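Structure data (mmCIF, C-alpha atoms) from run36.cif:
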```cif
data_final
loop_
_atom_site.label_atom_id
_atom_site.label_comp_id
_atom_site.auth_asym_id
_atom_site.auth_seq_id
_atom_site.Cartn_x
_atom_site.Cartn_y
_atom_site.Cartn_z
CA MET J 234 5.23 -15.82 14.54
CA ALA J 235 3.01 -14.69 17.39
CA HIS J 236 3.59 -11.18 18.76
CA ASP J 237 1.87 -9.09 21.40
CA TRP J 238 2.73 -5.73 19.87
CA GLN J 239 -0.32 -3.75 18.72
CA ALA J 240 0.29 -1.08 16.09
CA ASP J 241 -1.38 2.26 16.80
CA PHE J 242 -1.19 4.46 13.72
CA GLU J 243 -1.48 7.85 15.45
CA GLN J 244 1.08 6.88 18.06
CA LEU J 245 3.50 5.79 15.33
CA VAL J 246 3.00 9.13 13.58
CA ASP J 247 3.66 11.06 16.80
CA GLU J 248 6.77 9.01 17.54
CA HIS J 249 8.35 8.99 14.10
CA GLN J 250 7.17 12.07 12.20
CA SER J 251 10.28 14.03 13.17
CA MET J 252 12.56 11.23 11.94
CA VAL J 253 10.69 10.72 8.66
CA PHE J 254 10.44 14.46 7.96
CA SER J 255 14.14 15.08 8.76
CA LEU J 256 15.31 12.22 6.54
CA ALA J 257 13.16 13.42 3.63
CA LEU J 258 14.21 17.04 4.17
CA ARG J 259 17.94 16.23 4.24
CA MET J 260 17.62 14.05 1.15
CA THR J 261 15.50 16.45 -0.94
CA GLY J 262 16.25 19.87 0.57
CA ASP J 263 12.64 20.96 0.06
CA ARG J 264 10.41 21.36 3.13
CA GLY J 265 7.17 21.11 1.12
CA LEU J 266 8.31 18.02 -0.73
CA ALA J 267 9.67 16.48 2.51
CA GLU J 268 6.25 17.00 4.13
CA GLU J 269 4.50 15.40 1.15
CA ILE J 270 6.92 12.44 1.17
CA ALA J 271 6.42 12.00 4.93
CA GLN J 272 2.62 11.94 4.47
CA ASP J 273 2.90 9.42 1.61
CA VAL J 274 5.18 7.20 3.73
CA PHE J 275 2.76 7.24 6.70
CA LEU J 276 -0.23 6.51 4.45
CA GLU J 277 1.67 3.55 3.03
CA LEU J 278 2.45 2.44 6.59
CA ASP J 279 -1.27 2.64 7.36
CA ARG J 280 -1.99 0.27 4.46
CA HIS J 281 0.74 -2.18 5.62
CA LEU J 282 0.06 -1.88 9.36
CA SER J 283 -1.07 -5.50 9.67
CA LYS J 284 2.36 -6.66 8.46
CA ILE J 285 4.31 -4.63 11.02
CA GLU J 286 5.45 -6.93 13.82
CA SER J 287 7.14 -4.67 16.36
CA ALA J 288 8.10 -1.09 17.19
CA ALA J 289 11.61 -1.74 15.87
CA HIS J 290 10.17 -3.19 12.65
CA ALA J 291 8.01 -0.05 12.23
CA CYS J 292 11.06 2.19 12.68
CA PHE J 293 13.14 0.17 10.20
CA TRP J 294 10.24 0.09 7.70
CA LEU J 295 9.73 3.87 7.96
CA ARG J 296 13.44 4.61 7.42
CA ARG J 297 13.66 2.27 4.42
CA VAL J 298 10.51 3.57 2.71
CA THR J 299 11.38 7.23 3.43
CA MET J 300 14.83 6.84 1.83
CA SER J 301 13.30 5.03 -1.13
CA ARG J 302 10.54 7.66 -1.65
CA SER J 303 13.08 10.50 -1.31
CA ALA J 304 15.29 8.88 -3.97
CA ASP J 305 12.23 8.54 -6.24
CA ALA J 306 11.38 12.22 -5.72
CA LEU J 307 14.96 13.28 -6.54
CA ARG J 308 14.92 11.10 -9.65
CA ARG J 309 11.63 12.65 -10.80
CA ARG J 310 13.01 16.14 -10.24
CA ARG J 311 16.18 15.28 -12.16
CA VAL J 312 14.09 14.07 -15.09
CA ARG J 313 12.28 17.41 -15.00
CA GLY J 314 15.66 19.19 -15.00
CA LEU J 315 15.48 20.68 -11.52
CA ASP J 316 18.23 20.62 -8.93
CA LEU J 317 16.37 21.06 -5.67
CA TRP J 318 19.32 22.08 -3.54
CA VAL J 319 20.56 24.65 -6.06
CA GLU J 320 17.01 25.96 -6.32
CA MET J 321 16.74 26.23 -2.54
CA GLU J 322 20.06 28.04 -2.26
CA ASP J 323 19.06 30.49 -4.97
CA ARG J 324 15.67 31.14 -3.49
CA HIS J 325 16.41 31.41 0.20
CA GLY J 326 20.18 31.55 0.63
CA SER J 327 19.80 29.92 4.04
CA HIS J 328 17.61 27.28 5.66
CA GLU J 329 14.89 27.70 8.22
CA GLU J 330 15.46 26.33 11.72
CA LEU J 331 19.21 25.94 11.27
CA PRO J 332 21.19 24.21 14.02
CA ALA J 333 22.43 26.41 16.85
CA SER J 334 26.15 26.28 15.90
CA PRO J 335 27.12 28.31 12.78
CA LEU J 336 29.60 25.60 11.75
CA GLY J 337 26.88 22.99 12.21
CA ALA J 338 24.57 25.01 9.98
CA ARG J 339 27.24 25.29 7.33
CA ILE J 340 28.03 21.57 7.57
CA GLU J 341 24.39 20.77 6.96
CA GLN J 342 24.39 23.02 3.90
CA LEU J 343 27.61 21.42 2.62
CA LEU J 344 26.13 17.96 3.14
CA ALA J 345 23.46 18.91 0.65
CA THR J 346 26.11 19.32 -2.05
CA LEU J 347 27.35 15.71 -1.73
CA PRO J 348 26.34 12.97 -4.20
CA GLU J 349 23.00 11.37 -3.27
CA ALA J 350 24.39 7.96 -2.23
CA GLN J 351 27.03 9.52 0.05
CA ARG J 352 24.46 11.92 1.51
CA ALA J 353 22.06 9.04 2.23
CA ALA J 354 24.77 7.04 4.02
CA LEU J 355 25.94 10.05 6.08
CA VAL J 356 22.39 11.11 7.05
CA LEU J 357 21.57 7.60 8.27
CA ARG J 358 24.92 7.35 10.07
CA TYR J 359 24.93 10.73 11.82
CA GLN J 360 21.22 11.61 12.10
CA GLU J 361 19.94 8.13 12.93
CA ASP J 362 23.16 6.81 14.51
CA LEU J 363 23.00 3.57 12.49
CA THR J 364 25.88 1.15 11.96
CA PRO J 365 27.10 0.48 8.39
CA GLU J 366 25.31 -2.90 8.53
CA GLU J 367 22.01 -1.25 9.51
CA ILE J 368 22.48 1.39 6.79
CA ALA J 369 23.11 -1.38 4.25
CA ALA J 370 19.88 -3.11 5.31
CA THR J 371 17.95 0.17 5.11
CA LEU J 372 19.28 1.13 1.69
CA GLN J 373 19.29 -2.49 0.47
CA ALA J 374 22.94 -2.12 -0.58
CA PRO J 375 26.10 -4.16 0.14
CA VAL J 376 27.88 -3.25 3.40
CA ALA J 377 31.16 -2.63 1.53
CA THR J 378 29.44 -0.09 -0.73
CA VAL J 379 27.93 1.68 2.29
CA LYS J 380 31.33 1.82 4.04
CA SER J 381 32.86 3.27 0.89
CA HIS J 382 30.10 5.92 0.63
CA LEU J 383 30.62 6.81 4.29
CA GLN J 384 34.41 7.19 3.94
CA ARG J 385 34.28 9.16 0.70
CA GLY J 386 31.37 11.30 1.85
CA LEU J 387 33.07 12.13 5.13
CA LYS J 388 36.35 12.96 3.38
CA LEU J 389 34.62 15.19 0.83
CA LEU J 390 32.55 16.91 3.50
CA ARG J 391 35.61 17.52 5.68
CA ALA J 392 37.47 19.03 2.70
CA LYS J 393 34.53 21.29 1.91
CA ALA J 394 34.27 22.34 5.57
CA MET J 395 38.02 23.13 5.68
CA ASN J 396 37.70 25.30 2.57
CA HIS J 397 34.75 27.04 4.14
CA LEU J 398 36.70 27.58 7.36
CA LYS J 399 39.70 29.02 5.47
CA GLU J 400 37.38 31.33 3.54
CA TYR J 401 35.72 32.38 6.80
CA VAL J 402 39.13 33.19 8.41
CA ARG J 403 40.27 35.09 5.29
CA VAL J 404 37.11 37.23 5.23
CA LYS J 405 37.39 37.86 8.96
CA GLU J 406 41.04 38.95 8.58
CA GLN J 407 40.10 41.27 5.73
CA VAL J 408 37.33 42.82 7.84
CA SER J 409 39.73 43.25 10.80
CA GLY J 410 42.35 44.81 8.50
CA VAL J 411 39.88 47.40 7.21
CA MET Q 193 34.62 9.71 17.16
CA GLU Q 194 36.53 12.69 15.78
CA ASP Q 195 35.56 16.31 16.49
CA PHE Q 196 34.35 16.70 12.94
CA GLU Q 197 32.11 13.66 13.20
CA ARG Q 198 30.77 14.97 16.54
CA GLU Q 199 30.07 18.30 14.87
CA LEU Q 200 28.28 16.44 12.07
CA SER Q 201 26.16 14.48 14.55
CA ASP Q 202 25.21 17.74 16.30
CA ALA Q 203 24.35 19.37 12.97
CA LEU Q 204 22.16 16.46 11.93
CA VAL Q 205 19.79 16.37 14.87
CA ARG Q 206 16.23 15.53 13.90
CA ARG Q 207 14.15 18.55 12.95
CA PRO Q 208 10.66 18.83 14.47
CA ALA Q 209 7.99 18.06 11.91
CA PRO Q 210 5.68 20.97 11.07
CA PRO Q 211 2.17 20.65 12.62
CA SER Q 212 0.70 20.76 9.11
CA LEU Q 213 2.30 17.35 8.41
CA LYS Q 214 0.08 15.43 10.83
CA GLN Q 215 -2.98 17.58 10.10
CA GLY Q 216 -2.64 17.00 6.33
CA LEU Q 217 -1.88 13.34 6.88
CA MET Q 218 -5.00 12.75 8.97
CA LYS Q 219 -7.10 14.62 6.39
CA ARG Q 220 -5.70 12.49 3.55
CA ARG Q 221 -6.18 9.33 5.66
CA ARG Q 222 -9.85 10.16 6.29
CA ARG Q 223 -10.35 10.74 2.56
CA SER Q 224 -8.72 7.44 1.60
CA THR Q 225 -10.55 5.36 4.26
CA PRO Q 226 -14.09 4.32 3.18
CA ARG Q 227 -16.72 6.01 5.40
CA PRO Q 228 -19.26 3.84 7.29
CA SER Q 229 -22.13 5.20 5.19
CA SER Q 230 -20.48 4.27 1.89
CA PHE Q 231 -19.54 0.92 3.45
CA PHE Q 232 -23.24 0.44 4.32
CA PHE Q 233 -24.28 1.44 0.79
CA ALA Q 234 -21.76 -0.96 -0.69
CA TRP Q 235 -23.29 -3.79 1.37
CA LYS Q 236 -26.78 -2.60 0.45
CA GLY Q 237 -25.89 -2.78 -3.25
CA LEU Q 238 -24.40 -6.21 -2.81
CA ALA Q 239 -27.53 -7.40 -0.95
CA ALA Q 240 -29.78 -6.00 -3.71
CA SER Q 241 -27.70 -7.78 -6.37
CA MET Q 242 -27.90 -11.03 -4.41
CA ALA Q 243 -31.68 -10.64 -4.01
CA ALA Q 244 -32.07 -10.03 -7.76
CA VAL Q 245 -29.99 -13.11 -8.56
CA SER Q 246 -32.04 -15.16 -6.04
CA LEU Q 247 -35.29 -13.97 -7.67
CA CYS Q 248 -34.00 -14.98 -11.09
CA ILE Q 249 -33.06 -18.43 -9.77
CA LEU Q 250 -36.49 -18.83 -8.11
CA ALA Q 251 -38.26 -17.78 -11.32
CA ALA Q 252 -36.19 -20.26 -13.34
CA LEU Q 253 -36.98 -23.01 -10.81
CA ALA Q 254 -40.70 -22.17 -10.97
CA VAL Q 255 -40.73 -22.29 -14.77
CA TYR Q 256 -38.77 -25.55 -14.76
CA GLY Q 257 -41.12 -26.96 -12.08
CA GLY Q 258 -44.19 -26.02 -14.12
CA ILE Q 259 -42.81 -27.67 -17.22
CA ALA Q 260 -41.87 -30.81 -15.28
CA ARG Q 261 -45.30 -30.94 -13.64
CA ARG Q 262 -47.06 -30.58 -17.02
CA GLN Q 263 -44.87 -33.32 -18.53
CA ALA Q 264 -45.68 -35.63 -15.59
CA GLU Q 265 -49.41 -34.92 -16.02
CA GLU Q 266 -49.16 -35.65 -19.74
CA ARG Q 267 -47.30 -38.89 -18.99
CA ARG Q 268 -49.99 -39.86 -16.44
CA GLN Q 269 -52.82 -39.11 -18.91
CA GLY Q 270 -51.01 -41.06 -21.65
CA GLU Q 271 -50.63 -44.04 -19.33
CA ALA Q 272 -54.35 -43.88 -18.38
CA ALA Q 273 -55.32 -43.77 -22.06
CA ARG Q 274 -53.05 -46.75 -22.78
CA GLN Q 275 -54.67 -48.66 -19.89
CA GLN Q 276 -58.12 -47.83 -21.26
CA VAL Q 277 -57.17 -49.03 -24.75
CA LEU Q 278 -55.71 -52.25 -23.27
CA THR Q 279 -58.89 -52.83 -21.25
CA ALA Q 280 -61.01 -52.24 -24.35
CA LEU Q 281 -58.87 -54.66 -26.32
CA ARG Q 282 -59.16 -57.26 -23.52
CA ILE Q 283 -62.97 -56.88 -23.50
CA THR Q 284 -63.11 -57.11 -27.26
CA GLY Q 285 -60.87 -60.19 -27.26
CA HIS Q 286 -63.00 -61.78 -24.59
CA ALA Q 287 -66.20 -61.03 -26.56
CA LEU Q 288 -64.71 -62.45 -29.71
CA ASN Q 289 -63.66 -65.61 -27.88
CA GLN Q 290 -67.20 -66.02 -26.52
CA MET Q 291 -68.63 -65.49 -30.01
CA ASN Q 292 -66.26 -68.09 -31.47
CA THR Q 293 -67.20 -70.57 -28.76
CA GLN Q 294 -70.94 -70.00 -29.40
CA LEU Q 295 -70.45 -70.33 -33.19
CA ALA Q 296 -68.55 -73.56 -32.68
CA ALA Q 297 -71.31 -74.90 -30.38
CA HIS Q 298 -73.98 -73.87 -32.87
CA GLY Q 299 -72.10 -75.67 -35.73
CA ARG Q 300 -71.85 -78.86 -33.75
CA THR Q 301 -75.66 -78.75 -33.01
CA HIS Q 302 -76.50 -78.51 -36.76
CA GLU Q 303 -74.27 -81.39 -37.66
#
```

Could you express the structure from this file as structure tokens?
Amino acid sequence: MAHDWQADFEQLVDEHQSMVFSLALRMTGDRGLAEEIAQDVFLELDRHLSKIESAAHACFWLRRVTMSRSADALRRRRVRGLDLWVEMEDRHGSHEELPASPLGARIEQLLATLPEAQRAALVLRYQEDLTPEEIAATLQAPVATVKSHLQRGLKLLRAKAMNHLKEYVRVKEQVSGV
Amino acid sequence: MEDFERELSDALVRRPAPPSLKQGLMKRRRRSTPRPSSFFFAWKGLAASMAAVSLCILAALAVYGGIARRQAEERRQGEAARQQVLTALRITGHALNQMNTQLAAHGRTHE
């Protein structure tokens, strides 16, 4: 198929580095590892640049490969007996550059405690604003499975957020009482 | 979209990538891309190999040509020698015929 679109590697990096880095960061919870994954993904894109047909194709390709590389990294870490998110919590207690809203910050932290498949579906749904069909294509999974991950993940996250909110109110009441 | 989902969307905004990401990426890309000089040397090596192979082929052709030329010369000399022998045999045959004719004529004269 003939196409006029010309891929410019540096331009693609400038346009998509934030997306690739954020996806890898939210999947692995490790800034250093997310940076390394993002670099690996862009180097792979550089090698496959001739096969990229459009800007939309580049974006889809980057999302798919980033999610796949992040899953590989998590698998490798699991084999080595490390839980990245637990390690991050223990080491830092909080994340750098947290969202402005305190509830938003806590939600992001709670998201990290969800199972990997649910987290992947929610990150693609709410960070990238993808439909379940687009998420299914990105993760190469059936649409029904993606919908199930979205529903369960959202339910679990809401329950965790409610618990957090109750705890927050209880602590606040205790502080006010003192 | 519910409030919670809106809150989730707000929480999951894209984070800016650290500047070190692109810097490191470009450094790694330069390392993995073959430099023009090494590209030139690769071609130079290939050209040298091709020249060596060509020389070998030329040498083989020269040797084969020499052998063929010598064989042709030998064939030509052999043919010349054969022609000389045939000529000698023809002369000898002719001489013998003449001698026989003379002997026969001499016999008839005596009778």

- So which residues touch Glu341 in chain J within 8 Å, counting only C-alpha atoms, skipping near sequence neighbours fewer than 5 positions away, as a PyMOL selection string? chain Q and resi 200+203-204

- Can you work out which one of J:Ala291, J:Leu372, J:Ala377, J:Leu390 has the shortest atom-to-atom distance to chain Q, counting only C-alpha atoms? J:Leu390

- Mind telling me what the PyMOL selection byres ((chain Q) within 7 of (chain J)) catches here, as a ChimeraX atom specification? /Q:199-209,213,217,221

Include C-alpha atoms and write out the residues we just selected as a JSON list (two decimals), in the frame of the given file.
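And here is the file that came out, selection01.json:
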```json
[["chain", "number", "residue", "atom", "x", "y", "z"],
["Q", 199, "GLU", "CA", 30.07, 18.30, 14.87],
["Q", 200, "LEU", "CA", 28.28, 16.44, 12.07],
["Q", 201, "SER", "CA", 26.16, 14.48, 14.55],
["Q", 202, "ASP", "CA", 25.21, 17.74, 16.30],
["Q", 203, "ALA", "CA", 24.35, 19.37, 12.97],
["Q", 204, "LEU", "CA", 22.16, 16.46, 11.93],
["Q", 205, "VAL", "CA", 19.79, 16.37, 14.87],
["Q", 206, "ARG", "CA", 16.23, 15.53, 13.90],
["Q", 207, "ARG", "CA", 14.15, 18.55, 12.95],
["Q", 208, "PRO", "CA", 10.66, 18.83, 14.47],
["Q", 209, "ALA", "CA", 7.99, 18.06, 11.91],
["Q", 213, "LEU", "CA", 2.30, 17.35, 8.41],
["Q", 217, "LEU", "CA", -1.88, 13.34, 6.88],
["Q", 221, "ARG", "CA", -6.18, 9.33, 5.66]]
```

- Note on the structure: The distance between CA of Leu383 in chain J and CA of Glu400 in chain J is 25.4 Å

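Taking CA of Leu282 in chain J and CA of Trp238 in chain J as endpoints, the distance between them is 11.5 Å.
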
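Interatomic distance, CA of Ile368 in chain J to CA of Ala354 in chain J: 6.7 Å.
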
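You can rank Q:Met242, Q:Trp235, Q:Phe196, Q:Met218 by their closest distance to Phe242 in chain J using all atoms listed in the file, and at the top of that list sits Q:Met218.
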
- Resolved residues for the PyMOL selection byres ((chain J and resi 304) around 10) as a ChimeraX atom specification: /J:257,260-261,298-303,305-310,349-350,353

- Which residue, J:Leu389, J:His397, J:Arg403, J:Lys380, has the smallest gap to Thr364 in chain J when you use all atoms listed in the file? J:Lys380

- What residues have an atom no more than 10 Å from (24.5, -3.6, 4.2) in the file's own frame, counting all atoms listed in the file, and can you write them as a ChimeraX atom specification? /J:364-380
